[in-house]
$ cat structure02.csv   # CSV, C-alpha atoms
chain,number,residue,atom,x,y,z
A,804,MET,CA,131.9,76.5,118.3
A,805,SER,CA,131.9,80.2,118.7
A,806,VAL,CA,128.5,81.9,119.0
A,807,ALA,CA,129.7,84.2,116.2
A,808,PHE,CA,129.2,81.2,113.8
A,809,VAL,CA,125.7,80.3,115.0
A,810,LYS,CA,122.5,81.9,113.7
A,811,GLU,CA,120.8,81.7,117.1
A,812,GLU,CA,121.3,84.2,119.9
A,813,SER,CA,123.4,83.3,122.8
A,814,ALA,CA,121.9,81.3,125.7
A,815,GLU,CA,122.1,84.4,127.8
A,816,ALA,CA,120.0,86.4,125.3
A,817,ALA,CA,117.6,83.6,124.9
A,818,SER,CA,117.0,83.4,128.6
A,819,GLU,CA,115.9,87.0,128.6
A,820,THR,CA,112.9,86.0,126.6
A,821,VAL,CA,111.5,83.8,129.4
A,822,LEU,CA,109.3,86.1,131.5
A,823,PRO,CA,108.7,85.6,135.2
A,824,ALA,CA,105.3,84.2,136.1
A,825,ARG,CA,102.3,86.5,136.5
A,826,PRO,CA,101.6,86.7,140.2
A,827,ILE,CA,98.7,84.5,141.4
A,828,SER,CA,96.8,85.6,144.5
A,829,ASP,CA,96.6,83.2,147.4
A,830,ARG,CA,93.0,84.2,147.9
A,831,ILE,CA,90.2,81.7,146.9
A,832,ASN,CA,89.5,82.0,143.2
A,833,LEU,CA,85.7,82.7,143.2
A,834,VAL,CA,84.3,83.4,139.8
A,835,THR,CA,81.0,84.4,138.4
A,836,GLU,CA,79.7,82.8,135.2
A,837,GLU,CA,80.9,85.8,133.2
A,838,GLY,CA,84.2,85.6,134.9
A,839,LEU,CA,84.7,82.0,134.0
A,840,LYS,CA,83.9,82.7,130.4
A,841,MET,CA,86.3,85.6,130.5
A,842,LEU,CA,89.1,83.3,131.8
A,843,GLN,CA,88.2,80.7,129.1
A,844,ASN,CA,88.4,83.3,126.4
A,845,ALA,CA,91.7,84.7,127.7
A,846,TYR,CA,93.1,81.2,127.8
A,847,ALA,CA,92.0,80.5,124.2
A,848,GLU,CA,93.5,83.9,123.0
A,849,ALA,CA,96.8,83.1,124.7
A,850,GLN,CA,96.8,79.7,123.0
A,851,GLN,CA,96.2,81.2,119.6
A,852,ALA,CA,98.9,83.7,120.1
A,853,LEU,CA,101.4,81.0,121.2
A,854,ASP,CA,100.5,78.8,118.2
A,855,ALA,CA,101.0,81.7,115.8
A,856,ALA,CA,104.3,82.6,117.4
A,857,ASN,CA,105.5,79.0,117.3
A,858,ALA,CA,104.8,79.0,113.6
A,859,LEU,CA,107.5,81.6,113.0
A,860,ASP,CA,110.6,80.4,111.1
A,861,ASP,CA,113.2,82.6,112.8
A,862,ILE,CA,114.0,81.0,116.1
A,863,ASN,CA,115.1,84.2,117.7
A,864,GLU,CA,111.9,86.0,116.7
A,865,ARG,CA,109.9,82.9,117.8
A,866,ARG,CA,111.5,83.1,121.3
A,867,ARG,CA,110.6,86.8,121.6
A,868,GLN,CA,107.0,86.3,120.3
A,869,THR,CA,106.2,83.3,122.5
A,870,ALA,CA,107.3,84.8,125.8
A,871,VAL,CA,104.1,86.7,126.6
A,872,PRO,CA,101.6,84.2,125.4
A,873,ALA,CA,103.4,81.3,127.1
A,874,ARG,CA,103.4,83.2,130.4
A,875,ASP,CA,99.7,84.2,130.0
A,876,LEU,CA,98.8,80.6,129.1
A,877,ARG,CA,100.4,79.3,132.3
A,878,TYR,CA,98.6,82.0,134.3
A,879,PHE,CA,95.1,81.4,132.8
A,880,SER,CA,95.6,77.6,133.0
A,881,GLU,CA,96.1,77.9,136.7
A,882,ARG,CA,93.3,80.4,137.2
A,883,LEU,CA,90.9,78.0,135.3
A,884,ARG,CA,92.1,75.0,137.3
A,885,THR,CA,91.4,76.8,140.6
A,886,ALA,CA,88.3,78.6,139.6
A,887,GLN,CA,85.3,78.0,141.8
A,888,LEU,CA,82.1,78.9,139.9
A,889,THR,CA,79.8,80.7,142.4
A,890,PRO,CA,76.1,80.9,141.6
A,891,PRO,CA,74.3,84.2,142.0
A,892,PRO,CA,73.1,84.9,145.6
A,893,ALA,CA,69.7,83.5,146.3
A,894,ASN,CA,68.5,86.7,148.0
A,895,ALA,CA,69.5,90.3,148.6
A,896,ASP,CA,69.2,90.4,152.4
A,897,VAL,CA,72.9,90.8,153.0
A,898,VAL,CA,75.9,91.5,150.8
A,899,ALA,CA,77.5,88.5,149.2
A,900,PHE,CA,79.7,87.5,146.3
A,901,GLY,CA,77.9,88.4,143.0
A,902,HIS,CA,75.8,91.2,144.5
A,903,THR,CA,75.6,94.7,143.1
A,904,VAL,CA,75.8,97.1,146.1
A,905,THR,CA,75.0,100.7,146.1
A,906,PHE,CA,76.4,102.7,149.1
A,907,GLU,CA,76.8,106.3,150.1
A,908,ARG,CA,80.1,107.6,151.4
A,909,ASP,CA,80.2,110.1,154.3
A,910,ASP,CA,81.2,112.8,151.8
A,911,GLY,CA,77.9,112.4,150.0
A,912,ARG,CA,79.1,110.4,147.0
A,913,THR,CA,77.0,107.4,145.9
A,914,GLN,CA,78.8,104.5,144.3
A,915,THR,CA,77.6,101.2,142.9
A,916,TYR,CA,79.8,98.1,142.4
A,917,ARG,CA,79.2,94.5,141.6
A,918,ILE,CA,81.4,92.1,143.7
A,919,VAL,CA,83.2,89.6,141.4
A,920,GLY,CA,86.3,87.5,141.1
A,921,GLU,CA,89.8,89.0,141.0
A,922,ASP,CA,90.4,88.5,137.3
A,923,GLU,CA,87.1,90.2,136.3
A,924,ALA,CA,87.3,93.1,138.7
A,925,ASP,CA,87.5,96.5,137.0
A,926,PRO,CA,86.3,99.4,139.2
A,927,ALA,CA,86.1,101.7,136.2
A,928,LYS,CA,83.4,99.4,134.8
A,929,GLY,CA,81.6,99.0,138.1
A,930,THR,CA,83.1,95.8,139.4
A,931,ILE,CA,85.3,95.2,142.4
A,932,SER,CA,87.2,92.1,143.6
A,933,HIS,CA,85.7,90.1,146.5
A,934,GLY,CA,89.1,90.6,148.2
A,935,SER,CA,89.1,94.3,148.0
A,936,PRO,CA,88.8,96.3,151.3
A,937,VAL,CA,85.4,97.7,150.2
A,938,ALA,CA,83.9,94.3,149.4
A,939,MET,CA,85.3,92.7,152.6
A,940,ALA,CA,83.8,95.6,154.7
A,941,LEU,CA,80.4,95.1,153.0
A,942,PHE,CA,80.1,91.3,153.2
A,943,GLY,CA,77.3,90.2,155.5
A,944,LYS,CA,75.8,93.6,155.9
A,945,GLY,CA,72.3,94.7,154.9
A,946,VAL,CA,70.6,97.8,153.6
A,947,GLY,CA,70.9,100.7,156.1
A,948,ASP,CA,74.0,99.3,157.7
A,949,VAL,CA,77.0,101.6,158.1
A,950,VAL,CA,80.5,100.2,157.8
A,951,GLN,CA,83.8,101.7,158.7
A,952,LEU,CA,86.4,101.7,156.0
A,953,GLY,CA,89.5,103.3,157.3
A,954,LYS,CA,88.5,106.8,158.3
A,955,ASP,CA,85.5,106.7,156.0
A,956,GLU,CA,82.0,105.4,156.5
A,957,LEU,CA,79.8,103.7,153.9
A,958,GLU,CA,76.0,103.3,154.2
A,959,ILE,CA,74.5,100.6,152.2
A,960,ILE,CA,71.5,101.9,150.3
A,961,ALA,CA,70.7,99.0,148.0
A,962,ILE,CA,71.7,95.4,147.3
A,963,ALA,CA,70.7,93.7,144.0
$ encode --input "structure02.csv" --output "structure tokens"
Amino acid sequence: MSVAFVKEESAEAASETVLPARPISDRINLVTEEGLKMLQNAYAEAQQALDAANALDDINERRRQTAVPARDLRYFSERLRTAQLTPPPANADVVAFGHTVTFERDDGRTQTYRIVGEDEADPAKGTISHGSPVAMALFGKGVGDVVQLGKDELEIIAIA
């Protein structure tokens, strides 16, 4: 039967609504308690959006509306499966995952970031990923230590 007589879009058009997977880092998936809750909430939101889209009557609109939540559901499902809840550090002697670190750059700027999991990192909100160059340079260092980051130097002035 010709596609002209069928209500559905062609198979070629339908395949355009399947989105490629969101990239998943090969880095260990450390999460804080807040990060785990964020992943759980994002998974639930994606599931709700997928359920709502699947309830649509028009099959073509259903395909379009399910593409993003289906992709996000696969992503958050995998991130939850691999999440390793990491308790807060026991002490603030050296920089570790979960610490809030204040450092001074050699240009005089002072910055403060909390080191968190990849999915919860948002530098504009004061959090950076444990895999970021800054976090990796700071790990294992203490107050007063100076670390080299490219051509810049960072001096740790507080760990909390």
$ closest_residue --input "structure02.csv" --among "A:Pro826, A:Arg866, A:Asp922, A:Arg877" --to "Gln850 of chain A" --atoms "all atoms listed in the file"
A:Arg877
$ atom_distance --input "structure02.csv" --atom1 "atom CA of Val834 of chain A" --atom2 "atom CA of Ser932 of chain A"
9.9 Å
$ closest_residue --input "structure02.csv" --among "A:Arg912, A:Gly934, A:Ile831, A:Val897" --to "Asp948 of chain A" --atoms "all atoms listed in the file"
A:Val897
$ residues_near_point --input "structure02.csv" --point "(78.3, 103.6, 142.9)" --cutoff "12 Å" --atoms "only C-alpha atoms" --output "list in words"
Thr903, Val904, Thr905, Phe906, Glu907, Arg908, Gly911, Arg912, Thr913, Gln914, Thr915, Tyr916, Arg917, Ile918, Pro926, Ala927, Lys928, Gly929, Thr930, Ile931, Val937, Leu957, Glu958, Ile959, Ile960, Ala961 and Ile962 of chain A
$ residues_around --input "structure02.csv" --residues "segment 838-848 of chain A" --least-positions-apart "6" --cutoff "9 Å" --atoms "only C-alpha atoms" --output "ChimeraX atom specification"
/A:872,875-880,882-883,886-888,919-924
$ atom_distance --input "structure02.csv" --atom1 "atom CA of Asp955 of chain A" --atom2 "atom CA of Ala895 of chain A"
24.1 Å
$ closest_residue --input "structure02.csv" --among "A:Ala940, A:Val871, A:Val821, A:Ile827" --to "Ala849 of chain A" --atoms "all atoms listed in the file"
A:Val871
$ atom_distance --input "structure02.csv" --atom1 "atom CA of Ser828 of chain A" --atom2 "atom CA of Pro936 of chain A"
15.0 Å
$ closest_residue --input "structure02.csv" --among "A:Ala870, A:Ile862, A:Ala963, A:Ala938" --to "Ala824 of chain A" --atoms "all atoms listed in the file"
A:Ala870
$ decode --input "structure02.csv" --residues "segment 851-889 of chain A" --atoms "N, CA and C atoms" --output "mmCIF file, in the first residue's frame"
data_model
loop_
_atom_site.group_PDB
_atom_site.id
_atom_site.type_symbol
_atom_site.label_atom_id
_atom_site.label_comp_id
_atom_site.auth_asym_id
_atom_site.auth_seq_id
_atom_site.Cartn_x
_atom_site.Cartn_y
_atom_site.Cartn_z
ATOM 1 N N GLN A 851 7.324 10.722 33.788
ATOM 2 C CA GLN A 851 6.029 11.411 33.697
ATOM 3 C C GLN A 851 5.822 11.998 32.308
ATOM 4 N N ALA A 852 6.863 12.607 31.754
ATOM 5 C CA ALA A 852 6.756 13.193 30.412
ATOM 6 C C ALA A 852 6.526 12.104 29.368
ATOM 7 N N LEU A 853 7.197 10.965 29.519
ATOM 8 C CA LEU A 853 7.008 9.855 28.585
ATOM 9 C C LEU A 853 5.597 9.296 28.693
ATOM 10 N N ASP A 854 5.103 9.128 29.911
ATOM 11 C CA ASP A 854 3.735 8.631 30.108
ATOM 12 C C ASP A 854 2.717 9.570 29.473
ATOM 13 N N ALA A 855 2.909 10.873 29.647
ATOM 14 C CA ALA A 855 1.986 11.857 29.070
ATOM 15 C C ALA A 855 2.034 11.805 27.545
ATOM 16 N N ALA A 856 3.232 11.688 26.992
ATOM 17 C CA ALA A 856 3.372 11.632 25.536
ATOM 18 C C ALA A 856 2.762 10.353 24.976
ATOM 19 N N ASN A 857 2.919 9.240 25.685
ATOM 20 C CA ASN A 857 2.356 7.965 25.223
ATOM 21 C C ASN A 857 0.843 7.953 25.259
ATOM 22 N N ALA A 858 0.243 8.873 25.987
ATOM 23 C CA ALA A 858 -1.213 8.949 26.068
ATOM 24 C C ALA A 858 -1.826 9.716 24.896
ATOM 25 N N LEU A 859 -0.995 10.329 24.069
ATOM 26 C CA LEU A 859 -1.507 11.091 22.923
ATOM 27 C C LEU A 859 -2.125 10.144 21.895
ATOM 28 N N ASP A 860 -3.210 10.580 21.287
ATOM 29 C CA ASP A 860 -3.911 9.752 20.300
ATOM 30 C C ASP A 860 -3.198 9.724 18.952
ATOM 31 N N ASP A 861 -2.723 10.862 18.514
ATOM 32 C CA ASP A 861 -2.081 10.952 17.201
ATOM 33 C C ASP A 861 -0.711 10.282 17.252
ATOM 34 N N ILE A 862 -0.535 9.232 16.469
ATOM 35 C CA ILE A 862 0.704 8.442 16.521
ATOM 36 C C ILE A 862 1.927 9.257 16.116
ATOM 37 N N ASN A 863 1.764 10.140 15.148
ATOM 38 C CA ASN A 863 2.903 10.945 14.711
ATOM 39 C C ASN A 863 3.313 11.940 15.788
ATOM 40 N N GLU A 864 2.329 12.550 16.426
ATOM 41 C CA GLU A 864 2.636 13.478 17.516
ATOM 42 C C GLU A 864 3.208 12.714 18.705
ATOM 43 N N ARG A 865 2.723 11.512 18.940
ATOM 44 C CA ARG A 865 3.240 10.672 20.020
ATOM 45 C C ARG A 865 4.720 10.383 19.798
ATOM 46 N N ARG A 866 5.076 10.041 18.552
ATOM 47 C CA ARG A 866 6.492 9.788 18.234
ATOM 48 C C ARG A 866 7.356 11.007 18.538
ATOM 49 N N ARG A 867 6.865 12.162 18.109
ATOM 50 C CA ARG A 867 7.634 13.393 18.333
ATOM 51 C C ARG A 867 7.760 13.710 19.824
ATOM 52 N N GLN A 868 6.670 13.561 20.537
ATOM 53 C CA GLN A 868 6.651 13.943 21.951
ATOM 54 C C GLN A 868 7.378 12.949 22.865
ATOM 55 N N THR A 869 7.536 11.702 22.423
ATOM 56 C CA THR A 869 8.216 10.716 23.270
ATOM 57 C C THR A 869 9.728 10.688 23.063
ATOM 58 N N ALA A 870 10.215 11.312 22.007
ATOM 59 C CA ALA A 870 11.636 11.217 21.671
ATOM 60 C C ALA A 870 12.547 11.702 22.802
ATOM 61 N N VAL A 871 12.325 12.905 23.283
ATOM 62 C CA VAL A 871 13.211 13.463 24.314
ATOM 63 C C VAL A 871 13.055 12.729 25.648
ATOM 64 N N PRO A 872 11.824 12.546 26.157
ATOM 65 C CA PRO A 872 11.740 11.844 27.448
ATOM 66 C C PRO A 872 12.249 10.400 27.392
ATOM 67 N N ALA A 873 12.085 9.719 26.270
ATOM 68 C CA ALA A 873 12.594 8.342 26.158
ATOM 69 C C ALA A 873 14.118 8.341 26.223
ATOM 70 N N ARG A 874 14.733 9.284 25.528
ATOM 71 C CA ARG A 874 16.199 9.393 25.573
ATOM 72 C C ARG A 874 16.662 9.747 26.981
ATOM 73 N N ASP A 875 15.991 10.714 27.621
ATOM 74 C CA ASP A 875 16.377 11.129 28.968
ATOM 75 C C ASP A 875 16.173 9.994 29.972
ATOM 76 N N LEU A 876 15.123 9.226 29.800
ATOM 77 C CA LEU A 876 14.859 8.101 30.696
ATOM 78 C C LEU A 876 15.978 7.068 30.604
ATOM 79 N N ARG A 877 16.441 6.792 29.401
ATOM 80 C CA ARG A 877 17.564 5.853 29.234
ATOM 81 C C ARG A 877 18.817 6.397 29.927
ATOM 82 N N TYR A 878 19.062 7.695 29.757
ATOM 83 C CA TYR A 878 20.242 8.319 30.352
ATOM 84 C C TYR A 878 20.185 8.258 31.882
ATOM 85 N N PHE A 879 19.080 8.745 32.461
ATOM 86 C CA PHE A 879 18.985 8.792 33.919
ATOM 87 C C PHE A 879 18.901 7.400 34.536
ATOM 88 N N SER A 880 18.346 6.457 33.819
ATOM 89 C CA SER A 880 18.320 5.077 34.295
ATOM 90 C C SER A 880 19.744 4.544 34.435
ATOM 91 N N GLU A 881 20.567 4.799 33.438
ATOM 92 C CA GLU A 881 21.961 4.349 33.479
ATOM 93 C C GLU A 881 22.750 5.090 34.562
ATOM 94 N N ARG A 882 22.518 6.387 34.698
ATOM 95 C CA ARG A 882 23.236 7.159 35.714
ATOM 96 C C ARG A 882 22.848 6.707 37.120
ATOM 97 N N LEU A 883 21.576 6.363 37.322
ATOM 98 C CA LEU A 883 21.157 5.838 38.629
ATOM 99 C C LEU A 883 21.747 4.458 38.870
ATOM 100 N N ARG A 884 21.794 3.636 37.831
ATOM 101 C CA ARG A 884 22.329 2.286 37.969
ATOM 102 C C ARG A 884 23.803 2.306 38.380
ATOM 103 N N THR A 885 24.549 3.273 37.851
ATOM 104 C CA THR A 885 25.984 3.319 38.104
ATOM 105 C C THR A 885 26.379 4.278 39.233
ATOM 106 N N ALA A 886 25.397 4.978 39.794
ATOM 107 C CA ALA A 886 25.695 5.968 40.841
ATOM 108 C C ALA A 886 26.335 5.316 42.058
ATOM 109 N N GLN A 887 27.384 5.951 42.545
ATOM 110 C CA GLN A 887 28.054 5.505 43.764
ATOM 111 C C GLN A 887 27.937 6.620 44.796
ATOM 112 N N LEU A 888 26.969 6.439 45.693
ATOM 113 C CA LEU A 888 26.740 7.435 46.741
ATOM 114 C C LEU A 888 27.988 7.527 47.608
ATOM 115 N N THR A 889 28.520 8.734 47.696
ATOM 116 C CA THR A 889 29.762 8.949 48.434
ATOM 117 C C THR A 889 29.465 9.826 49.642
#
